[in-house]
Amino acid sequence: MPVNVLLVLLVSGAVGFVSGLVGVGGGFIMTPALMFLGVPAPVAVATGASQIAATSFSGVLSQTRRKAVDWRMGMLLSMGGIVGSASGVWLFERLLRLGQLDLIISILYLVLLAAVGWLMLNEGLSVMRGRPTRGVSILRRPARTIAHTLPFRMRFPRSGLYISIIPPLALGYAIGALAAIMGIGGGFILIPAMIYLLRMPTNVVIGTSLFQVLIVASLIVIMQAQATQTVDLVLAALLMLGGVIGAQLGVRLGAGLKSEHLRALLGALLLAASVKFLLDIVIQPPEPYVLGGWL
């Protein structure tokens, strides 16, 4: 399909700008943005993974220099992520053959964006009103979790943990499956789970998460290119270029703004995007049939 190059650069730059401004990954923003531009959902998901892999590689290099990566935990999470991404790509291909992929992706993004948007908007507004958010007042790091009681325990010297390998494998599997189906990195889910479920120290959480995302996203790009042929390299290059430039601008501007204002703004944008997905699902399209060449 013909796509305006300047428009793609503008959108990818805007998504990168928001990501750098707020400090979140752009996978769960970029894929819906591509779908709103008319890019088919399979291409948006698979191509978005290539951008996630590129940005994660840069982040891992930076975190490695700071010695902020737990390699043993990262490998364990990646093992679960590899199996999960393979399962996700298999399900992705099956839904694509059945013609139900666009609907499933839209429903998943409707739920995801509405939930994340509401949490961010509520948190930002509560801080601006001078009240601590409910999550801040209730959520605490427990001394022991299920990861400390299950069998098959392993030591993780970098994180100072002695926990079961089952929760990290299960967590990696879930993130890998979601990444393959939705084109997201999953860091906004993985990082809180690593802190509150696995009780990892915060100084190694981001680097370890980026390492897992790098491995899983790279594998997803390879598997999607082989199984579904939905990776558009030209589009991926444009997304990387615009995203890198936008992220740098966002980081510089975000340093002088209040985080609660930024999170409230992003939450409102995500809620608006979820409403768009909802309308696309419930409103009958002008053309009930679309000719396509997928598989």
# chains A, B, ... in the order shown; residues from 1 in each chain; ligands from 1
$ residues_around --residues "segment 109-122 of chain A" --least-positions-apart "4" --cutoff "9 Å" --atoms "only C-alpha atoms" --output "ChimeraX atom specification"
/A:28-29,32,104-105,126-127,133,182,260,263-278
$ write_last_selection --atoms "N, CA and C atoms" --output "PDB file, in the first residue's frame"
ATOM      1  N   PHE A  28       3.287  -0.012  22.634  1.00  0.00           N
ATOM      2  CA  PHE A  28       1.830  -0.044  22.767  1.00  0.00           C
ATOM      3  C   PHE A  28       1.185   1.248  22.258  1.00  0.00           C
ATOM      4  N   ILE A  29       2.013   2.216  21.830  1.00  0.00           N
ATOM      5  CA  ILE A  29       1.497   3.431  21.194  1.00  0.00           C
ATOM      6  C   ILE A  29       1.711   3.374  19.686  1.00  0.00           C
ATOM      7  N   PRO A  32      -0.930   0.881  17.534  1.00  0.00           N
ATOM      8  CA  PRO A  32      -2.232   1.499  17.242  1.00  0.00           C
ATOM      9  C   PRO A  32      -2.128   2.681  16.288  1.00  0.00           C
ATOM     10  N   ILE A 104      -9.277  -9.477  16.915  1.00  0.00           N
ATOM     11  CA  ILE A 104      -8.642  -9.847  18.185  1.00  0.00           C
ATOM     12  C   ILE A 104      -7.663  -8.768  18.630  1.00  0.00           C
ATOM     13  N   ILE A 105      -6.851  -8.260  17.705  1.00  0.00           N
ATOM     14  CA  ILE A 105      -5.885  -7.217  18.054  1.00  0.00           C
ATOM     15  C   ILE A 105      -6.602  -5.954  18.521  1.00  0.00           C
ATOM     16  N   SER A 126      -4.509  12.676  40.603  1.00  0.00           N
ATOM     17  CA  SER A 126      -4.440  12.571  42.061  1.00  0.00           C
ATOM     18  C   SER A 126      -3.235  13.315  42.607  1.00  0.00           C
ATOM     19  N   VAL A 127      -2.085  13.192  41.927  1.00  0.00           N
ATOM     20  CA  VAL A 127      -0.882  13.903  42.382  1.00  0.00           C
ATOM     21  C   VAL A 127      -1.061  15.407  42.233  1.00  0.00           C
ATOM     22  N   THR A 133      -1.858   8.606  45.256  1.00  0.00           N
ATOM     23  CA  THR A 133      -2.706   7.653  44.559  1.00  0.00           C
ATOM     24  C   THR A 133      -2.911   6.405  45.404  1.00  0.00           C
ATOM     25  N   MET A 182       0.519  -8.654  19.882  1.00  0.00           N
ATOM     26  CA  MET A 182       0.142  -7.244  19.917  1.00  0.00           C
ATOM     27  C   MET A 182       1.234  -6.298  19.461  1.00  0.00           C
ATOM     28  N   GLU A 260       3.678  14.325  36.664  1.00  0.00           N
ATOM     29  CA  GLU A 260       2.249  14.049  36.809  1.00  0.00           C
ATOM     30  C   GLU A 260       1.435  14.666  35.679  1.00  0.00           C
ATOM     31  N   ARG A 263       1.992  12.342  32.626  1.00  0.00           N
ATOM     32  CA  ARG A 263       1.271  11.079  32.722  1.00  0.00           C
ATOM     33  C   ARG A 263      -0.236  11.283  32.551  1.00  0.00           C
ATOM     34  N   ALA A 264      -0.761  12.361  33.059  1.00  0.00           N
ATOM     35  CA  ALA A 264      -2.185  12.646  32.868  1.00  0.00           C
ATOM     36  C   ALA A 264      -2.497  12.880  31.397  1.00  0.00           C
ATOM     37  N   LEU A 265      -1.599  13.597  30.705  1.00  0.00           N
ATOM     38  CA  LEU A 265      -1.803  13.850  29.285  1.00  0.00           C
ATOM     39  C   LEU A 265      -1.743  12.554  28.483  1.00  0.00           C
ATOM     40  N   LEU A 266      -0.742  11.714  28.767  1.00  0.00           N
ATOM     41  CA  LEU A 266      -0.639  10.445  28.057  1.00  0.00           C
ATOM     42  C   LEU A 266      -1.832   9.556  28.360  1.00  0.00           C
ATOM     43  N   GLY A 267      -2.292   9.544  29.616  1.00  0.00           N
ATOM     44  CA  GLY A 267      -3.468   8.755  29.971  1.00  0.00           C
ATOM     45  C   GLY A 267      -4.689   9.179  29.184  1.00  0.00           C
ATOM     46  N   ALA A 268      -4.876  10.501  29.024  1.00  0.00           N
ATOM     47  CA  ALA A 268      -6.012  10.990  28.244  1.00  0.00           C
ATOM     48  C   ALA A 268      -5.899  10.576  26.779  1.00  0.00           C
ATOM     49  N   LEU A 269      -4.676  10.619  26.236  1.00  0.00           N
ATOM     50  CA  LEU A 269      -4.475  10.203  24.847  1.00  0.00           C
ATOM     51  C   LEU A 269      -4.767   8.715  24.665  1.00  0.00           C
ATOM     52  N   LEU A 270      -4.346   7.897  25.615  1.00  0.00           N
ATOM     53  CA  LEU A 270      -4.597   6.461  25.518  1.00  0.00           C
ATOM     54  C   LEU A 270      -6.086   6.149  25.630  1.00  0.00           C
ATOM     55  N   LEU A 271      -6.794   6.864  26.500  1.00  0.00           N
ATOM     56  CA  LEU A 271      -8.244   6.670  26.607  1.00  0.00           C
ATOM     57  C   LEU A 271      -8.933   7.060  25.302  1.00  0.00           C
ATOM     58  N   ALA A 272      -8.467   8.155  24.681  1.00  0.00           N
ATOM     59  CA  ALA A 272      -9.042   8.557  23.401  1.00  0.00           C
ATOM     60  C   ALA A 272      -8.787   7.495  22.327  1.00  0.00           C
ATOM     61  N   ALA A 273      -7.583   6.904  22.341  1.00  0.00           N
ATOM     62  CA  ALA A 273      -7.276   5.851  21.377  1.00  0.00           C
ATOM     63  C   ALA A 273      -8.136   4.612  21.618  1.00  0.00           C
ATOM     64  N   SER A 274      -8.403   4.297  22.887  1.00  0.00           N
ATOM     65  CA  SER A 274      -9.270   3.146  23.176  1.00  0.00           C
ATOM     66  C   SER A 274     -10.692   3.377  22.678  1.00  0.00           C
ATOM     67  N   VAL A 275     -11.166   4.628  22.776  1.00  0.00           N
ATOM     68  CA  VAL A 275     -12.498   4.957  22.238  1.00  0.00           C
ATOM     69  C   VAL A 275     -12.520   4.763  20.724  1.00  0.00           C
ATOM     70  N   LYS A 276     -11.418   5.130  20.044  1.00  0.00           N
ATOM     71  CA  LYS A 276     -11.324   4.930  18.597  1.00  0.00           C
ATOM     72  C   LYS A 276     -11.411   3.453  18.253  1.00  0.00           C
ATOM     73  N   PHE A 277     -10.719   2.594  19.013  1.00  0.00           N
ATOM     74  CA  PHE A 277     -10.809   1.155  18.784  1.00  0.00           C
ATOM     75  C   PHE A 277     -12.234   0.659  19.014  1.00  0.00           C
ATOM     76  N   LEU A 278     -12.881   1.165  20.052  1.00  0.00           N
ATOM     77  CA  LEU A 278     -14.241   0.754  20.347  1.00  0.00           C
ATOM     78  C   LEU A 278     -15.183   1.120  19.202  1.00  0.00           C
TER      79      LEU A 278
END
$ residues_around --residues "segment 85-93 of chain A" --least-positions-apart "2" --cutoff "6 Å" --atoms "only C-alpha atoms" --output "list in words"
Gly81, Ile82, Val83, Leu95, Leu96, Gly176, Ala177, Ala180 and Ile181 of chain A
$ residues_around --residues "Thr208 of chain A" --least-positions-apart "2" --cutoff "10 Å" --atoms "only C-alpha atoms" --output "list of chain:residue names"
A:Val60, A:Gln63, A:Thr64, A:Ala68, A:Val69, A:Asp70, A:Trp71, A:Arg72, A:Met73, A:Gly74, A:Met75, A:Leu77, A:Ser78, A:Leu190, A:Ile191, A:Met194, A:Met200, A:Asn203, A:Val204, A:Val205, A:Ile206, A:Leu210, A:Phe211, A:Gln212, A:Val213, A:Leu214
$ write_last_selection --atoms "C-alpha atoms" --output "tab-separated table (two decimals), in the first residue's frame"
chain	number	residue	atom	x	y	z
A	60	VAL	CA	20.82	-2.57	26.86
A	63	GLN	CA	22.50	-0.28	31.05
A	64	THR	CA	25.42	-2.68	30.57
A	68	ALA	CA	22.58	-2.67	35.79
A	69	VAL	CA	21.68	-5.98	34.11
A	70	ASP	CA	21.07	-9.29	35.90
A	71	TRP	CA	22.18	-11.60	33.09
A	72	ARG	CA	21.09	-14.82	34.79
A	73	MET	CA	17.58	-13.50	35.42
A	74	GLY	CA	17.49	-12.01	31.93
A	75	MET	CA	18.36	-15.36	30.35
A	77	LEU	CA	13.05	-14.55	31.41
A	78	SER	CA	14.21	-14.82	27.80
A	190	LEU	CA	7.28	-6.76	33.11
A	191	ILE	CA	8.95	-4.08	35.25
A	194	MET	CA	9.81	-7.99	38.51
A	200	MET	CA	14.23	-7.63	42.24
A	203	ASN	CA	18.61	-0.66	40.02
A	204	VAL	CA	18.73	-3.79	37.80
A	205	VAL	CA	15.07	-4.04	36.79
A	206	ILE	CA	15.13	-1.74	33.74
A	210	LEU	CA	15.39	-4.36	28.20
A	211	PHE	CA	17.56	-7.46	27.69
A	212	GLN	CA	14.50	-9.74	27.71
A	213	VAL	CA	12.61	-7.42	25.37
A	214	LEU	CA	15.59	-7.33	22.98
$ select_by_dssp --residues "segment 32-163 of chain A" --states "helix (DSSP H, G or I)" --output "JSON, numbers by chain"
{"A": [32, 33, 34, 35, 36, 41, 42, 43, 44, 45, 46, 47, 48, 49, 50, 51, 52, 53, 54, 55, 56, 57, 58, 59, 60, 61, 62, 63, 64, 65, 71, 72, 73, 74, 75, 76, 77, 78, 79, 80, 81, 82, 83, 84, 85, 86, 87, 88, 89, 90, 91, 92, 93, 94, 95, 96, 97, 98, 101, 102, 103, 104, 105, 106, 107, 108, 109, 110, 111, 112, 113, 114, 115, 116, 117, 118, 119, 120, 121, 122, 123, 124, 125, 126, 127, 128, 134, 135, 136, 137, 138, 146, 147, 148]}
$ residues_around --residues "Phe36 of chain A" --least-positions-apart "2" --cutoff "12 Å" --atoms "only C-alpha atoms" --output "list in words"
Leu7, Val8, Val11, Ile29, Met30, Thr31, Pro32, Ala33, Leu34, Gly38, Val39, Pro40, Ala41, Ala44, Ser106, Ala273, Ser274, Lys276, Phe277 and Asp280 of chain A
$ atom_distance --atom1 "atom CA of Leu235 of chain A" --atom2 "atom CA of Ile281 of chain A"
25.8 Å
$ atom_distance --atom1 "atom CA of Leu249 of chain A" --atom2 "atom CA of Val15 of chain A"
11.2 Å
$ closest_residue --among "A:Leu241, A:Gly246, A:Leu178, A:Met79" --to "Leu108 of chain A" --atoms "only C-alpha atoms"
A:Leu178
$ residues_around --residues "Val244 of chain A" --least-positions-apart "5" --cutoff "10 Å" --atoms "only C-alpha atoms" --output "ChimeraX atom specification"
/A:12-13,15-17,20,51,54-55,239,249-250
$ residues_around --residues "Thr145 of chain A" --least-positions-apart "2" --cutoff "12 Å" --atoms "only C-alpha atoms" --output "ChimeraX atom specification"
/A:140-143,147-150,161-164,167,193-200
